[in-house]
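Visitor: I'd like to ask some things about the structure below.
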2 protein chains.
Amino acid sequence: VNRTYAIIGTGAVGALYGAWLARAGHDVHFLARSDYEHIRAHGLAVDSVKGSFVLPHVNVYADASAMPKCDVVAITLKTTENRILPEVLPHVVKDNGAVLVMQNGLGYEERAAAIVGTGPTVMGVLCFVCSNKTGPGSISHLDFGHITICQYTGNGTPAGITAAMKDIAGDFEKAGVTVALAPDLSIARWKKLVWNVPYNGLSVVLNAATDELMKNPHSRDLVKRLMQEVCRGAAACGHPVEDAFIEEMLSYTDSMTPYQTSMKIDFERRRPMEVDSIFGAPLEAAKKAGADLPLLSMLYEELKYLDAKNLTPAFHP
Amino acid sequence: VNRTYAIIGTGAVGALYGAWLARAGHDVHFLARSDYEHIRAHGLAVDSVKGSFVLPHVNVYADASAMPKCDVVAITLKTTENRILPEVLPHVVKDNGAVLVMQNGLGYEERAAAIVGTGPTVMGVLCFVCSNKTGPGSISHLDFGHITICQYTGNGTPAGITAAMKDIAGDFEKAGVTVALAPDLSIARWKKLVWNVPYNGLSVVLNAATDELMKNPHSRDLVKRLMQEVCRGAAACGHPVEDAFIEEMLSYTDSMTPYQTSMKIDFERRRPMEVDSIFGAPLEAAKKAGADLPLLSMLYEELKYLDAKNLTPAFHP
């Protein structure tokens with residue numbers, strides 16, 4: 001079978017992975033908004049450390065109702081745009097298809113499952129990638145790119161490694177993407193937050209790229225303390241992350257090409273930041289489980305302030 | 001007696017109070033650095049909500065060794081400039097004189113006492129004033145201006161209300177300043193931090209004036225939680241601040257003319273910020289007393305990062 005893909009959100013993540021899948025021979029259908037006209041005329045341009053390429057002709061849509069039903073639907077929107085999903089998903093996913101939640105935060109697989117019902121399989125796909133949209137239809141891929149796939153079960157138990165996960169993994173691998181399969185979505189989601197919370201948050205509050213945060217001893221210490229808090233939250237929620245993972249994430253970032261996080265770029269372009277999904281959701285989950293996370297809650301409040309101010313018309317950062 | 005005054009640091013605080021004392025008939029001697037030539041030629045200009053005035057001729061010095069010994073020496077430097085004090089203070093204070101520490105933070109009376117010895121009386125003077133230096137020799141006084149005077153005892157016990165405190169209070173009152181006398185310097189210093197910690201710190205990290213911090217519910221909540229932590233630190237160190245004081249400081253700030261804190265102005269002008277005196281010192285004191293203050297320590301680390309970056313030649317905020 002040559003599975004068809006729908007990419008819901010043609011940004012830094014969706015355009016990159018979608019272009020790789022299309023280049024590998026899949027039938028890929030992109031939903032775009034602001035870039036629609038440009039992509040229809042010029043396709044997608046990927047400037048990548050793993051090899052740059054252009055796809056001059058892609059299937060692009062401004063309206064989901066014009067898209068075909070696909071085997072696999074990848075949600076690659078910013079979570080701040082998720083309000084369109086109840087309208088979009090039922091149009092694009094086959095009953096026996098799969099929905100890949102390629103977003104940050106907690107709880108989005110559950111929401112996708114509530115929209116598409118019990119037919120399609122819902123998976124969380126965690127993207128470890130440094131990529132930025134540099135212009136209409138243009139993506140710059142700076143570093144990494146591997147993904148972790150987990151299956152959503154609906155009852156909080158780990159799915160294990162399923163055949164459906166392996167099928168999707170095969171497609172991505174053939175497209176050049178390194179894939180890990182993980183049995184427990186909740187643990188994988190918390191692990192992703194171990195990186196996202198400190199770097200996305202502090203990059204905005206301190207106006208810093210990843211290497212700057214790692215170089216200064218005070219910000220580096222703060223990164224680590226935030227990671228420890230996320231791990232405390234994960235443990236309180238019953239999804240323990242091993243201690244060694246923190247050092248692993250610090251080394252991973254030390255080795256990373258200096259990177260402007262997506263949240264920092266959103267802030268600079270005066271777009272809504274994913275404060276609720278990356279900070280609000282884990283805080284709330286930890287609170288329900290009885291864990292107080294003071295540093296995370298401070299970062300959350302700082303970001304809520306900056307987000308509100310940033311979206312006020314008169315303000316220029 | 002008509003006491004003579006030395007003002008060590010002719011900035012937003014020193015120039016304002018010194019000008020008021022000079023206008024009231026005291027012999028006031030100002031130590032200035034960058035403004036010296038301008039003040040020698042043009043004097044001091046105070047643009048004040050309580051009445052603007054100019055002192056065309058003031059006693060100004062670029063070098064402390066040229067200053068006469070005075071009855072009262074007011075230290076109005078930024079604490080980041082305190083390294084000059086061992087050289088300056090012995091020249092300017094009479095043996096039976098008084099040293100007024102008109103600075104923020106903890107521990108500066110002790111350091112002043114260590115320099116001047118047991119002859120002069122050392123006092124902490126807490127300034128509740130919104131004032132900014134707007135140019136060479138020019139001060140803008142926006143709001144408030146009252147001070148609290150406490151005497152340093154050297155052994156940590158409260159001094160009570162002394163005759164020396166009343167003498168100094170009389171001079172300031174005659175100069176139009178509202179004065180409170182407080183028996184316990186340590187409690188007064190911690191109470192001052194209840195305001196300084198949240199507003200100075202968050203004004204820099206969130207690039208916000210006081211009214212903006214009070215208007216947004218998230219930053220307002222963060223202000224309050226930081227105040228609660230400062231009170232926990234004060235209590236742990238044996239200097240308890242009454243609970244009602246937090247609400248009092250919130251109301252005080254609600255009533256305040258929107259204000260750019262001195263720390264924010266230092267940051268914008270790329271001058272060193274008083275991070276160690278306002279954040280480092282109370283953190284260290286609380287830690288010694290066994291109290292963990294996570295929000296304060298996070299704010300400290302954020303500010304240490306920003307201060308280091310801000311003072312790096314290539315950086316422009």
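Lettering and numbering for the structure tokens are positional, with chains as A, B, ... in the shown order, residues counted from 1 in each chain, and ligands counted from 1 in the shown order.
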Residues of chain B no more than 7 Å from chain A, counting only C-alpha atoms: send them over as number ranges by chain.

Guide: B: 205-206, 216, 218-219, 222, 294-295, 298, 301-302, 304-306

Visitor: As an MDAnalysis selection string, please: every residue in segment 120-307 of chain B that a backbone DSSP assignment puts in strand (DSSP E or B).

Guide: chainID B and resid 121:135 138:151 179:181

Visitor: Write out as a PyMOL selection string the set of residues from segment 171-248 of chain A that DSSP, computed on the backbone, places in helix (DSSP H, G or I).

Guide: chain A and resi 171-174+185-205+210-215+217-236+244-248

Visitor: If we count only C-alpha atoms, what is near Pro86 of chain A at a cut-off of 9 Å, once residues fewer than 6 positions away on the same chain are taken out, given as number ranges by chain?

Guide: A: 112, 115-116

Visitor: Would you export the selected residues with all heavy atoms as an mmCIF file, in the first residue's frame, please?

Guide:
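Below you can see result08.cif, which holds the result:
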```cif
data_model
loop_
_atom_site.group_PDB
_atom_site.id
_atom_site.type_symbol
_atom_site.label_atom_id
_atom_site.label_comp_id
_atom_site.auth_asym_id
_atom_site.auth_seq_id
_atom_site.Cartn_x
_atom_site.Cartn_y
_atom_site.Cartn_z
ATOM 1 N N ALA A 112 -8.284 15.005 19.748
ATOM 2 C CA ALA A 112 -8.420 14.520 18.365
ATOM 3 C C ALA A 112 -9.317 13.289 18.339
ATOM 4 O O ALA A 112 -10.189 13.158 17.463
ATOM 5 C CB ALA A 112 -7.041 14.198 17.783
ATOM 6 N N ILE A 115 -12.913 14.006 18.414
ATOM 7 C CA ILE A 115 -13.459 14.520 17.149
ATOM 8 C C ILE A 115 -13.667 13.389 16.135
ATOM 9 O O ILE A 115 -14.706 13.332 15.481
ATOM 10 C CB ILE A 115 -12.519 15.597 16.542
ATOM 11 C CG1 ILE A 115 -12.453 16.820 17.460
ATOM 12 C CG2 ILE A 115 -12.977 15.998 15.134
ATOM 13 C CD1 ILE A 115 -11.355 17.811 17.102
ATOM 14 N N VAL A 116 -12.702 12.513 16.001
ATOM 15 C CA VAL A 116 -12.771 11.530 14.906
ATOM 16 C C VAL A 116 -13.485 10.239 15.299
ATOM 17 O O VAL A 116 -13.766 9.404 14.435
ATOM 18 C CB VAL A 116 -11.368 11.189 14.341
ATOM 19 C CG1 VAL A 116 -10.701 12.447 13.788
ATOM 20 C CG2 VAL A 116 -10.478 10.496 15.377
#
```

Visitor: Which is closer to Pro282 of chain B than all the others in B:Thr134, B:Thr4, B:Ser34, B:Asn104, using only C-alpha atoms?

Guide: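 Of the candidates, the smallest distance to Pro282 of chain B is held by B:Asn104.
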
Visitor: Need the shell around segment 182-188 of chain A: protein/DNA/RNA residues with any atom at most 9 Å away, counting only C-alpha atoms. Skip same-chain ones fewer than 3 positions apart. Format as a ChimeraX atom specification?

Guide: /A:106,123-124,126,148-153,156-162,191-193,234,238-241

Visitor: Find the residues near Lys133 of chain A: any atom within 8 Å, counting only C-alpha atoms, skip ones fewer than 5 places away on the same chain, and give them as a list in words.

Guide: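 Once the adjacent positions are removed, what remains is Gly11, Ala12, Ser138, Ile139 and Ser140 of chain A.
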
Visitor: Just C-alpha atoms for this one: save the residues we selected as a PDB file, in the first residue's frame.

Guide:
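Here's the written file out33.pdb:
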```
ATOM      1  CA  GLY A  11       4.341  25.418   8.791  1.00  0.00           C
ATOM      2  CA  ALA A  12       7.823  24.597  10.064  1.00  0.00           C
ATOM      3  CA  SER A 138       9.938  28.074   2.502  1.00  0.00           C
ATOM      4  CA  ILE A 139      11.294  25.971   5.351  1.00  0.00           C
ATOM      5  CA  SER A 140      14.749  26.057   6.874  1.00  0.00           C
TER       6      SER A 140
END
```

Visitor: List the spatial neighbours of Arg33 of chain B as a count of residues only - criterion: any atom at most 12 Å away, only C-alpha atoms, same-chain residues fewer than 5 positions off excluded.

Guide: 17

Visitor: Any idea what's packed within 12 Å of Arg111 of chain B, counting only C-alpha atoms, ignoring anything in its chain fewer than 6 positions away? Could you give it as a ChimeraX atom specification?

Guide: /B:75,79,82-83,85-86,89,99,101,117,122-124,152,154

Visitor: Can I get the selection written as a compact mmCIF listing (two decimals), in the first residue's frame, with all heavy atoms?

Guide:
```txt
# COMPACT_ATOMS: atom_id res chain seq x y z
N ILE B 75 24.90 58.01 51.68
CA ILE B 75 25.39 57.16 50.58
C ILE B 75 24.22 56.92 49.64
O ILE B 75 23.26 56.22 49.96
CB ILE B 75 25.92 55.82 51.11
CG1 ILE B 75 27.02 56.06 52.17
CG2 ILE B 75 26.47 54.97 49.97
CD1 ILE B 75 27.49 54.79 52.85
N THR B 79 24.37 50.43 44.57
CA THR B 79 25.22 49.50 45.32
C THR B 79 26.30 48.89 44.43
O THR B 79 27.35 48.48 44.92
CB THR B 79 24.39 48.37 45.95
OG1 THR B 79 23.61 47.75 44.92
CG2 THR B 79 23.47 48.92 47.01
N ASN B 82 29.62 50.56 45.04
CA ASN B 82 30.08 50.66 46.43
C ASN B 82 31.59 50.47 46.61
O ASN B 82 32.11 50.79 47.67
CB ASN B 82 29.34 49.65 47.31
CG ASN B 82 28.03 50.22 47.84
OD1 ASN B 82 27.62 51.32 47.46
ND2 ASN B 82 27.38 49.49 48.73
N ARG B 83 32.25 49.96 45.58
CA ARG B 83 33.69 49.74 45.72
C ARG B 83 34.46 51.02 46.02
O ARG B 83 35.58 50.96 46.51
CB ARG B 83 34.24 49.06 44.47
CG ARG B 83 34.10 49.89 43.20
CD ARG B 83 34.59 49.16 41.96
NE ARG B 83 34.25 49.94 40.77
CZ ARG B 83 33.05 49.94 40.19
NH1 ARG B 83 32.09 49.18 40.66
NH2 ARG B 83 32.81 50.69 39.13
N LEU B 85 33.60 53.22 48.24
CA LEU B 85 33.34 53.71 49.60
C LEU B 85 34.54 53.65 50.55
O LEU B 85 34.74 54.58 51.33
CB LEU B 85 32.13 52.98 50.20
CG LEU B 85 30.78 53.33 49.54
CD1 LEU B 85 29.65 52.54 50.18
CD2 LEU B 85 30.50 54.83 49.64
N PRO B 86 35.35 52.58 50.54
CA PRO B 86 36.49 52.56 51.46
C PRO B 86 37.44 53.73 51.24
O PRO B 86 38.07 54.22 52.18
CB PRO B 86 37.17 51.22 51.13
CG PRO B 86 36.09 50.38 50.56
CD PRO B 86 35.22 51.32 49.80
N LEU B 89 34.59 57.33 52.19
CA LEU B 89 33.94 57.63 53.47
C LEU B 89 34.88 58.24 54.51
O LEU B 89 34.51 59.22 55.17
CB LEU B 89 33.25 56.38 54.04
CG LEU B 89 31.96 55.93 53.34
CD1 LEU B 89 31.34 54.74 54.09
CD2 LEU B 89 30.95 57.07 53.24
N VAL B 99 26.29 58.40 59.20
CA VAL B 99 26.30 57.89 57.83
C VAL B 99 24.91 57.34 57.53
O VAL B 99 24.42 56.48 58.27
CB VAL B 99 27.36 56.79 57.64
CG1 VAL B 99 27.27 56.18 56.25
CG2 VAL B 99 28.76 57.34 57.89
N VAL B 101 22.69 55.22 55.00
CA VAL B 101 22.74 54.31 53.86
C VAL B 101 21.40 54.41 53.14
O VAL B 101 20.41 53.81 53.55
CB VAL B 101 23.04 52.87 54.31
CG1 VAL B 101 23.06 51.93 53.10
CG2 VAL B 101 24.39 52.81 55.04
N GLY B 117 34.21 52.75 61.22
CA GLY B 117 34.56 52.47 62.61
C GLY B 117 33.44 52.83 63.57
O GLY B 117 32.30 53.09 63.16
N VAL B 122 25.69 54.89 62.27
CA VAL B 122 25.25 54.45 60.94
C VAL B 122 23.74 54.23 60.97
O VAL B 122 23.22 53.60 61.90
CB VAL B 122 25.98 53.15 60.51
CG1 VAL B 122 25.41 52.63 59.19
CG2 VAL B 122 27.48 53.41 60.39
N MET B 123 23.06 54.74 59.98
CA MET B 123 21.61 54.57 59.88
C MET B 123 21.23 54.05 58.50
O MET B 123 21.90 54.34 57.51
CB MET B 123 20.90 55.92 60.09
CG MET B 123 21.17 56.51 61.47
SD MET B 123 20.21 58.00 61.74
CE MET B 123 21.12 58.65 63.16
N GLY B 124 20.18 53.30 58.46
CA GLY B 124 19.57 52.94 57.19
C GLY B 124 18.43 53.89 56.91
O GLY B 124 17.60 54.13 57.80
N TYR B 152 21.41 51.57 62.92
CA TYR B 152 22.15 50.30 62.92
C TYR B 152 22.84 50.13 64.27
O TYR B 152 23.43 51.07 64.79
CB TYR B 152 23.18 50.34 61.79
CG TYR B 152 24.12 49.18 61.74
CD1 TYR B 152 23.70 47.92 61.31
CD2 TYR B 152 25.46 49.33 62.13
CE1 TYR B 152 24.58 46.85 61.27
CE2 TYR B 152 26.34 48.26 62.08
CZ TYR B 152 25.89 47.03 61.65
OH TYR B 152 26.76 45.97 61.62
N GLY B 154 24.76 47.07 65.08
CA GLY B 154 25.96 46.24 65.00
C GLY B 154 25.81 44.86 65.61
O GLY B 154 26.64 43.98 65.38
```

Visitor: Using only C-alpha atoms, can you tell me which of B:Ala45, B:Ile7, B:Met256, B:Ala163 comes closest to Asp143 of chain B?

Guide: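 Once distances to Asp143 of chain B are computed over only C-alpha atoms, the minimum belongs to B:Met256.
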
Visitor: I'd like to know which of A:Thr121, A:Thr261, A:Ser65, A:Ser251 is closest to Glu274 of chain A, using only C-alpha atoms.

Guide: A:Thr261

Visitor: Go through A:Asn155, A:Ser255, A:Thr178, A:Ser262 and flag the residue nearest Ser203 of chain A, using only C-alpha atoms for the distances.

Guide: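 Closest candidate: A:Ser262.
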
Visitor: Which distance in Å separates atom CA of Asn96 of chain A and atom CA of Ala114 of chain A, to one decimal?

Guide: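 Those two atoms sit 15.4 Å apart.
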